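Asker: Sharing a structure below in structure tokens format, with a few things to ask.
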Amino acid sequence: MSANASRLKEASECERKAEDCMKTSMIKLKFKPDYDGAAYSLERAAVCYRNAQEPRKAADSLLKAAQYYQENRNLFHAAKAREGAAMLLRDIKEFSEAVKLFEKAIDGYAESGSLDTAAMTVEKAADVLKNDDPKKALAGALVSIREEIEKFVEIREYPRIGQLGIGLVIVNLAMEDSVAALKDYSWVVSQSPDMQTSDDGRVCENLIGYYDAGDDESFQNVLKCGTLRSMDNEYLRVMKNLKAPGGNGGGIAEDDDEEGLC
């Protein structure tokens, strides 16, 4: 028996175990399905399918596992299973379905209280969108960032809102829409009043102001400031191509150690 055939056989056995977990029995005094047990068996099946070079079947197993975890209110593991399925679909370039699953995973992580994991998953979703459609990627990023801000406002994690607010401004300017950037910045200030007097707020206002003035030299100088350099890699990639109207860009280079002023 070939290695792949052996793995497929093991996957089928794991699926059978999952079915057994879902069965109830008056004789065995098992009155409700073992959702977590079934989900675990399906996750094992997914590993076997993946190793057998069957990513679509692996993703389907993880989606079924996610449903069972959801039934048992195990929200974190349901989100993790969906994220795993999304990554498998990403690898076989089924981008549209992958993005939808990433979005469900983000919501699940947030609902379970794992906001840091949700934020990291936003980056993965943005990366998939970028490969599928750059413009759609930026529009999708705006939606995801706004949702993250709303979640942090809900739990009063105001310090986390600052960099997300900068993210909104950066993405809007990458779409060459300073009006939308100002509108989103004003919305962030309405959610977190301290934003306007913070370093993050000053960065947002400078970026929008220099962009509107067509002052690319000052705009690029702001892009080099420490506050922006410490942002996630996805934002840094976007910033590399940012420029004020009529400018040449080149605000951030990987080997550029010079720090600008915010």
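A note on labels: chains of the structure tokens are A, B, ... as shown, every chain counts residues from 1, and ligands are counted from 1 in their shown order.
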Within 12 Å of A:Glu154, counting only C-alpha atoms, which residues qualify if same-chain residues fewer than 4 places away don't, as a PyMOL selection string?

Answerer: chain A and resi 110-111+113+115+147-150+158+160-161+191-192

Asker: Write out as number ranges by chain the set of residues from stretch 63-256 of chain A that DSSP, computed on the backbone, places in alpha helix (DSSP H).

Answerer: A: 63-71, 75-91, 95-111, 115-132, 134-154, 158-174, 178-191, 199-213, 216-223, 226-229, 233-240

Asker: Once you have the residues from the selection above, write them out as a short mmCIF file (atom, residue, chain, number, x, y, z; two decimals), in the first residue's frame, restricted to C-alpha atoms.

Answerer:
```cif
data_model
loop_
_atom_site.label_atom_id
_atom_site.label_comp_id
_atom_site.auth_asym_id
_atom_site.auth_seq_id
_atom_site.Cartn_x
_atom_site.Cartn_y
_atom_site.Cartn_z
CA LEU A 63 -15.16 22.88 8.27
CA LYS A 64 -17.17 19.97 9.67
CA ALA A 65 -15.01 20.04 12.81
CA ALA A 66 -15.72 23.77 13.13
CA GLN A 67 -19.47 23.09 13.03
CA TYR A 68 -19.18 20.56 15.85
CA TYR A 69 -17.06 22.88 17.97
CA GLN A 70 -19.62 25.62 17.34
CA GLU A 71 -22.44 23.33 18.49
CA LEU A 75 -15.80 29.22 19.83
CA PHE A 76 -12.01 29.47 19.84
CA HIS A 77 -11.46 26.00 18.39
CA ALA A 78 -14.27 26.53 15.87
CA ALA A 79 -12.47 29.68 14.69
CA LYS A 80 -9.12 27.87 14.60
CA ALA A 81 -10.59 25.08 12.45
CA ARG A 82 -12.06 27.63 10.02
CA GLU A 83 -8.74 29.45 9.85
CA GLY A 84 -7.01 26.14 9.07
CA ALA A 85 -9.50 25.45 6.28
CA ALA A 86 -8.99 28.96 4.92
CA MET A 87 -5.23 28.48 4.77
CA LEU A 88 -5.62 25.20 2.88
CA LEU A 89 -7.93 26.88 0.36
CA ARG A 90 -5.51 29.78 0.06
CA ASP A 91 -2.75 27.36 -0.89
CA PHE A 95 -9.12 32.86 -2.67
CA SER A 96 -12.77 33.95 -2.51
CA GLU A 97 -13.82 31.05 -0.30
CA ALA A 98 -10.65 31.41 1.78
CA VAL A 99 -11.41 35.05 2.55
CA LYS A 100 -14.96 34.23 3.69
CA LEU A 101 -13.60 31.60 6.07
CA PHE A 102 -10.94 33.98 7.39
CA GLU A 103 -13.72 36.49 8.12
CA LYS A 104 -15.73 33.86 10.01
CA ALA A 105 -12.59 32.90 11.93
CA ILE A 106 -11.94 36.54 12.85
CA ASP A 107 -15.49 36.89 14.20
CA GLY A 108 -15.14 33.64 16.14
CA TYR A 109 -11.83 34.64 17.73
CA ALA A 110 -13.27 38.03 18.69
CA GLU A 111 -16.40 36.45 20.17
CA LEU A 115 -8.67 39.70 20.08
CA ASP A 116 -4.93 39.38 19.44
CA THR A 117 -5.51 36.19 17.45
CA ALA A 118 -8.33 37.94 15.57
CA ALA A 119 -5.97 40.78 14.67
CA MET A 120 -3.34 38.37 13.34
CA THR A 121 -5.98 36.61 11.25
CA VAL A 122 -6.98 39.96 9.75
CA GLU A 123 -3.42 40.19 8.36
CA LYS A 124 -3.68 36.74 6.79
CA ALA A 125 -7.01 37.61 5.19
CA ALA A 126 -5.56 40.85 3.84
CA ASP A 127 -2.65 38.94 2.34
CA VAL A 128 -5.05 36.59 0.53
CA LEU A 129 -7.09 39.49 -0.80
CA LYS A 130 -3.93 41.18 -2.03
CA ASN A 131 -3.11 38.14 -4.15
CA ASP A 132 -6.66 37.91 -5.47
CA PRO A 134 -5.29 44.48 -4.84
CA LYS A 135 -8.16 47.00 -4.88
CA LYS A 136 -10.50 44.55 -3.23
CA ALA A 137 -7.73 43.86 -0.70
CA LEU A 138 -7.59 47.49 0.37
CA ALA A 139 -11.39 47.81 0.55
CA GLY A 140 -11.57 44.60 2.56
CA ALA A 141 -8.83 45.84 4.88
CA LEU A 142 -10.84 49.00 5.63
CA VAL A 143 -13.86 46.92 6.65
CA SER A 144 -11.75 44.64 8.84
CA ILE A 145 -9.94 47.53 10.55
CA ARG A 146 -13.21 49.32 11.34
CA GLU A 147 -14.62 46.12 12.82
CA GLU A 148 -11.53 45.68 14.98
CA ILE A 149 -11.81 49.28 16.22
CA GLU A 150 -15.46 48.72 17.16
CA LYS A 151 -14.50 45.61 19.12
CA PHE A 152 -11.75 47.44 21.04
CA VAL A 153 -14.14 50.34 21.77
CA GLU A 154 -16.62 47.81 23.16
CA TYR A 158 -8.46 52.57 23.78
CA PRO A 159 -4.63 52.35 23.46
CA ARG A 160 -5.08 49.69 20.75
CA ILE A 161 -7.29 52.00 18.71
CA GLY A 162 -4.53 54.49 17.85
CA GLN A 163 -2.54 52.28 15.49
CA LEU A 164 -5.71 50.91 13.93
CA GLY A 165 -6.75 54.51 13.26
CA ILE A 166 -3.42 55.13 11.54
CA GLY A 167 -4.06 51.95 9.56
CA LEU A 168 -7.37 53.35 8.30
CA VAL A 169 -5.68 56.55 7.16
CA ILE A 170 -2.84 54.68 5.42
CA VAL A 171 -5.19 52.34 3.55
CA ASN A 172 -7.42 55.21 2.44
CA LEU A 173 -4.41 57.16 1.18
CA ALA A 174 -3.20 54.05 -0.64
CA SER A 178 -7.83 61.70 1.36
CA VAL A 179 -11.48 62.69 1.88
CA ALA A 180 -12.28 59.17 3.05
CA ALA A 181 -9.09 59.19 5.16
CA LEU A 182 -10.25 62.35 6.97
CA LYS A 183 -13.76 60.96 7.37
CA ASP A 184 -12.45 57.72 8.89
CA TYR A 185 -10.02 59.61 11.14
CA SER A 186 -12.88 61.80 12.41
CA TRP A 187 -14.90 58.65 13.09
CA VAL A 188 -12.04 57.16 15.13
CA VAL A 189 -11.80 60.39 17.16
CA SER A 190 -15.54 60.15 17.87
CA GLN A 191 -14.99 56.62 19.20
CA ASP A 199 0.92 60.86 18.99
CA ASP A 200 -1.15 58.55 16.78
CA GLY A 201 -3.64 61.33 16.14
CA ARG A 202 -0.87 63.75 15.22
CA VAL A 203 0.52 61.22 12.74
CA CYS A 204 -2.91 60.83 11.12
CA GLU A 205 -3.41 64.59 10.81
CA ASN A 206 0.08 65.13 9.39
CA LEU A 207 -0.32 62.36 6.83
CA ILE A 208 -3.66 63.73 5.62
CA GLY A 209 -2.48 67.36 5.72
CA TYR A 210 0.75 66.83 3.76
CA TYR A 211 -1.04 64.54 1.30
CA ASP A 212 -3.69 67.17 0.58
CA ALA A 213 -1.02 69.88 0.27
CA ASP A 216 5.59 64.77 -0.68
CA GLU A 217 8.87 65.55 1.09
CA SER A 218 7.11 66.20 4.41
CA PHE A 219 4.73 63.30 3.74
CA GLN A 220 7.66 60.90 3.26
CA ASN A 221 9.29 62.25 6.42
CA VAL A 222 6.19 61.35 8.44
CA LEU A 223 6.23 57.85 6.96
CA GLY A 226 9.07 55.57 14.72
CA THR A 227 5.33 55.28 15.29
CA LEU A 228 4.82 54.07 11.73
CA ARG A 229 7.94 51.92 11.57
CA ASN A 233 4.32 44.24 8.14
CA GLU A 234 1.14 44.50 6.05
CA TYR A 235 1.00 48.25 6.71
CA LEU A 236 4.73 48.65 6.04
CA ARG A 237 4.29 47.03 2.62
CA VAL A 238 1.51 49.48 1.78
CA MET A 239 3.57 52.44 3.00
CA LYS A 240 6.47 51.60 0.67
#
```

Asker: Between atom CA of A:Ala58 and atom CA of A:Ser41, what is the spacing in Å?

Answerer: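 Value for the atom CA of A:Ser41-atom CA of A:Ala58 distance: 12.1 Å.
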